[in-house]
file protein18.cif (mmCIF, C-alpha atoms)
data_protein
loop_
_atom_site.label_atom_id
_atom_site.label_comp_id
_atom_site.auth_asym_id
_atom_site.auth_seq_id
_atom_site.Cartn_x
_atom_site.Cartn_y
_atom_site.Cartn_z
CA MET A 1 0.00 0.00 0.00
CA SER A 2 1.39 3.40 -0.94
CA ASN A 3 1.83 6.20 1.55
CA SER A 4 -0.91 8.34 -0.05
CA THR A 5 -3.36 5.42 0.12
CA GLU A 6 -2.56 4.92 3.79
CA VAL A 7 -2.96 8.64 4.55
CA ASN A 8 -6.32 8.69 2.73
CA GLN A 9 -7.50 5.63 4.67
CA GLN A 10 -6.61 7.22 7.99
CA TYR A 11 -8.26 10.54 7.13
CA PHE A 12 -11.52 9.06 5.83
CA ASN A 13 -11.71 6.57 8.69
CA LYS A 14 -11.65 9.59 11.02
CA ILE A 15 -14.38 11.58 9.28
CA ALA A 16 -16.67 8.73 8.13
CA ALA A 17 -19.22 9.11 10.94
CA ASP A 18 -19.64 12.82 10.24
CA TYR A 19 -19.12 12.84 6.46
CA ASP A 20 -22.77 13.05 5.31
CA ARG A 21 -23.65 15.78 7.78
CA ARG A 22 -20.51 17.75 7.06
CA PHE A 23 -21.11 17.77 3.30
CA ALA A 24 -24.94 17.52 3.20
CA SER A 25 -25.58 20.61 1.11
CA PHE A 26 -22.90 19.77 -1.44
CA LEU A 27 -23.96 16.12 -1.68
CA GLY A 28 -27.59 17.14 -2.22
CA GLU A 29 -26.67 19.51 -5.04
CA ILE A 30 -24.45 16.93 -6.75
CA SER A 31 -27.15 14.27 -6.40
CA ASP A 32 -29.75 16.54 -8.00
CA GLU A 33 -27.36 17.35 -10.86
CA LEU A 34 -26.44 13.71 -11.49
CA HIS A 35 -30.06 12.64 -11.34
CA SER A 36 -31.04 15.30 -13.88
CA HIS A 37 -28.64 13.65 -16.38
CA ILE A 38 -29.53 10.04 -15.61
CA ASP A 39 -30.33 9.16 -19.24
CA PHE A 40 -27.06 10.63 -20.51
CA ILE A 41 -25.09 8.79 -17.82
CA GLY A 42 -26.68 5.54 -18.96
CA VAL A 43 -28.22 4.31 -15.73
CA LYS A 44 -30.68 1.55 -16.64
CA LYS A 45 -33.86 0.87 -14.72
CA GLY A 46 -33.21 -2.24 -12.67
CA GLY A 47 -29.52 -2.27 -13.67
CA ARG A 48 -26.40 -2.96 -11.63
CA LEU A 49 -24.16 -0.15 -10.40
CA LEU A 50 -20.55 -0.39 -9.27
CA ASP A 51 -20.01 2.50 -6.86
CA TYR A 52 -16.20 2.55 -6.68
CA ALA A 53 -14.51 4.56 -3.94
CA CYS A 54 -18.07 4.60 -2.63
CA GLY A 55 -17.50 6.34 0.68
CA THR A 56 -20.88 6.58 2.39
CA GLY A 57 -22.74 5.80 -0.84
CA SER A 58 -23.43 9.11 -2.57
CA VAL A 59 -23.62 7.63 -6.07
CA SER A 60 -25.62 4.59 -4.92
CA ASN A 61 -28.11 6.81 -3.11
CA CYS A 62 -28.43 9.19 -6.03
CA PHE A 63 -29.57 6.43 -8.38
CA SER A 64 -31.34 4.24 -5.81
CA ASP A 65 -34.80 4.84 -7.27
CA VAL A 66 -33.70 3.49 -10.66
CA ILE A 67 -31.06 0.80 -10.18
CA GLY A 68 -31.78 -2.73 -9.07
CA GLN A 69 -28.48 -3.32 -7.29
CA ALA A 70 -25.61 -1.17 -6.05
CA VAL A 71 -22.29 -2.70 -5.07
CA GLY A 72 -19.99 -0.32 -3.25
CA VAL A 73 -16.24 -0.79 -2.97
CA ASP A 74 -13.91 1.31 -0.84
CA ILE A 75 -10.56 0.96 0.93
CA THR A 76 -11.75 2.61 4.14
CA GLU A 77 -13.36 0.42 6.79
CA ASN A 78 -15.38 3.18 8.46
CA MET A 79 -16.74 4.49 5.15
CA ILE A 80 -17.86 0.94 4.30
CA GLY A 81 -19.50 0.77 7.72
CA ALA A 82 -21.30 4.09 7.17
CA TYR A 83 -22.45 2.97 3.70
CA ASN A 84 -23.82 -0.32 5.03
CA VAL A 85 -25.62 1.32 7.97
CA LYS A 86 -27.25 3.77 5.57
CA ALA A 87 -28.11 0.90 3.20
CA ALA A 88 -29.67 -1.13 6.04
CA ASN A 89 -31.93 1.83 6.83
CA ALA A 90 -32.69 2.68 3.20
CA VAL A 91 -36.11 2.59 1.68
CA ARG A 92 -37.01 2.54 -1.98
CA LEU A 93 -39.54 5.00 -3.27
CA LEU A 94 -42.51 3.28 -4.91
CA LEU A 95 -44.10 5.20 -7.74
CA PRO A 96 -45.93 2.54 -9.78
CA TRP A 97 -47.45 5.16 -12.04
CA LEU A 98 -44.09 6.72 -13.02
CA PRO A 99 -41.63 4.55 -15.02
CA THR A 100 -38.47 6.51 -14.10
CA PRO A 101 -38.92 8.85 -11.17
CA LYS A 102 -37.23 12.20 -11.69
CA LEU A 103 -38.67 14.30 -8.93
CA HIS A 104 -37.63 17.62 -7.54
CA ARG A 105 -37.91 17.94 -3.78
CA PRO A 106 -41.00 20.25 -3.73
CA LEU A 107 -42.94 17.86 -5.97
CA PHE A 108 -41.84 14.90 -3.87
CA LYS A 109 -43.05 16.61 -0.69
CA LEU A 110 -46.42 17.29 -2.31
CA LEU A 111 -46.78 13.67 -3.44
CA LEU A 112 -45.78 12.48 0.00
CA THR A 113 -48.37 14.63 1.76
CA GLN A 114 -51.05 13.39 -0.66
CA ARG A 115 -49.98 9.77 0.00
CA LEU A 116 -49.31 9.17 -3.70
CA VAL A 117 -45.98 7.50 -3.02
CA GLY A 118 -45.00 4.46 -1.03
CA PHE A 119 -41.81 3.00 0.35
CA GLN A 120 -40.25 -0.42 0.79
CA ASN A 121 -37.04 -1.47 2.52
CA VAL A 122 -34.08 -2.11 0.24
CA PRO A 123 -32.92 -5.74 0.66
CA GLU A 124 -29.29 -6.16 1.75
CA ASP A 125 -28.32 -7.98 -1.45
CA GLN A 126 -29.43 -4.95 -3.46
CA ARG A 127 -27.23 -2.38 -1.73
CA LYS A 128 -24.05 -3.27 0.10
CA ALA A 129 -20.44 -2.09 0.22
CA TYR A 130 -17.31 -4.19 0.46
CA LEU A 131 -13.77 -3.47 1.55
CA GLY A 132 -11.26 -3.72 -1.27
CA ASN A 133 -9.13 -2.02 -3.87
CA LEU A 134 -9.68 -2.61 -7.58
CA LEU A 135 -6.62 -0.53 -8.47
CA SER A 136 -4.05 -2.45 -6.44
CA THR A 137 -1.78 -4.91 -8.21
CA PRO A 138 -3.21 -7.45 -8.00
CA PRO A 139 -6.74 -6.27 -7.10
CA SER A 140 -8.03 -7.29 -3.68
CA PRO A 141 -8.81 -11.04 -3.72
CA SER A 142 -12.01 -10.32 -1.77
CA LEU A 143 -13.38 -8.66 -4.92
CA ASP A 144 -12.85 -11.71 -7.13
CA GLY A 145 -16.30 -13.18 -7.58
CA PRO A 146 -19.38 -12.90 -9.79
CA LEU A 147 -20.83 -10.13 -7.60
CA PHE A 148 -18.02 -7.84 -8.77
CA HIS A 149 -18.52 -8.35 -12.52
CA GLY A 150 -21.20 -7.60 -15.10
CA PHE A 151 -22.16 -4.06 -14.10
CA ASP A 152 -24.35 -1.91 -16.32
CA VAL A 153 -22.72 1.30 -15.11
CA ALA A 154 -19.86 2.27 -12.82
CA GLY A 155 -19.31 5.51 -10.98
CA VAL A 156 -16.68 7.21 -8.88
CA GLY A 157 -18.29 9.96 -6.84
CA PHE A 158 -15.61 11.92 -5.07
CA GLY A 159 -12.86 9.34 -4.95
CA PHE A 160 -10.19 10.63 -7.29
CA HIS A 161 -7.79 10.64 -4.36
CA HIS A 162 -7.84 6.85 -4.85
CA PHE A 163 -6.08 7.13 -8.20
CA GLU A 164 -2.31 7.48 -7.99
CA ASP A 165 -2.13 6.95 -11.76
CA THR A 166 -3.99 9.95 -13.16
CA THR A 167 -4.53 8.20 -16.51
CA LEU A 168 -6.74 5.69 -14.65
CA ALA A 169 -8.79 8.55 -13.24
#
call {"tool": "encode", "arguments": {"input": "protein18.cif", "output": "structure tokens"}}
result
Amino acid sequence: MSNSTEVNQQYFNKIAADYDRRFASFLGEISDELHSHIDFIGVKKGGRLLDYACGTGSVSNCFSDVIGQAVGVDITENMIGAYNVKAANAVRLLLPWLPTPKLHRPLFKLLLTQRLVGFQNVPEDQRKAYLGNLLSTPPSPSLDGPLFHGFDVAGVGFGFHHFEDTTLA
């Protein structure tokens, strides 16, 4: 493990518990922006997402109303823990009358107050993060299985500090 990787692990392990609160406004704006370009990005309804350098799951959460499964991968134990706690408490928005929900917050609040939306818990096998490094040589053996192949789309939210080789980024 390189020195920069180790420094990043230590830093993000320290801030993992407070990460979402600390960056809530920024994460909300980025999520809205990504969601507004969901067709261009190529996220398929019911598809599989690799959320690499997933942190607490910003990319997974952004597309949670469209994707069928999100698999997060990160090198930081506490970020994986925060992701999985959030995933265990996640609910999926049910809008049977809308094929691909693209809702702005005011409209969502209105639909919620009128009881035109429903929720269901997200099963663990549909959103979970794993400890590992796809960029190490060789990649982490823990990521060598069918679960870590065959994705429809992959995203790196804010994890460019993971890439020592900038051509990989």
call {"tool": "closest_residue", "arguments": {"input": "protein18.cif", "among": "A:Ser58, A:Val73, A:Gln10, A:Asp152", "to": "Phe26 (chain A)", "atoms": "only C-alpha atoms"}}
result
A:Ser58
call {"tool": "atom_distance", "arguments": {"input": "protein18.cif", "atom1": "CA of Cys54 (chain A)", "atom2": "CA of Gly72 (chain A)"}}
result
5.3 Å
call {"tool": "residues_near_point", "arguments": {"input": "protein18.cif", "point": "(-22.1, 11.2, 10.1)", "cutoff": "12 Å", "atoms": "all atoms listed in the file", "output": "list in words"}}
result
Phe12, Asn13, Lys14, Ile15, Ala16, Ala17, Asp18, Tyr19, Asp20, Arg21, Arg22, Phe23, Ala24, Gly55, Thr56, Asn78, Met79, Gly81, Ala82, Tyr83, Val85 and Lys86 of chain A
call {"tool": "atom_distance", "arguments": {"input": "protein18.cif", "atom1": "CA of His37 (chain A)", "atom2": "CA of Cys62 (chain A)"}}
result
11.3 Å
call {"tool": "residues_around", "arguments": {"input": "protein18.cif", "residues": "region 128-134 of chain A", "least_positions_apart": "3", "cutoff": "6 Å", "atoms": "only C-alpha atoms", "output": "compact mmCIF listing (two decimals) with C-alpha atoms, keeping the file's coordinate frame"}}
result
# COMPACT_ATOMS: atom_id res chain seq x y z
CA VAL A 71 -22.29 -2.70 -5.07
CA GLY A 72 -19.99 -0.32 -3.25
CA VAL A 73 -16.24 -0.79 -2.97
CA ASP A 74 -13.91 1.31 -0.84
CA ILE A 75 -10.56 0.96 0.93
CA ILE A 80 -17.86 0.94 4.30
CA ASN A 84 -23.82 -0.32 5.03
CA PRO A 139 -6.74 -6.27 -7.10
CA SER A 140 -8.03 -7.29 -3.68
call {"tool": "atom_distance", "arguments": {"input": "protein18.cif", "atom1": "CA of Ser4 (chain A)", "atom2": "CA of Ser136 (chain A)"}}
result
12.9 Å
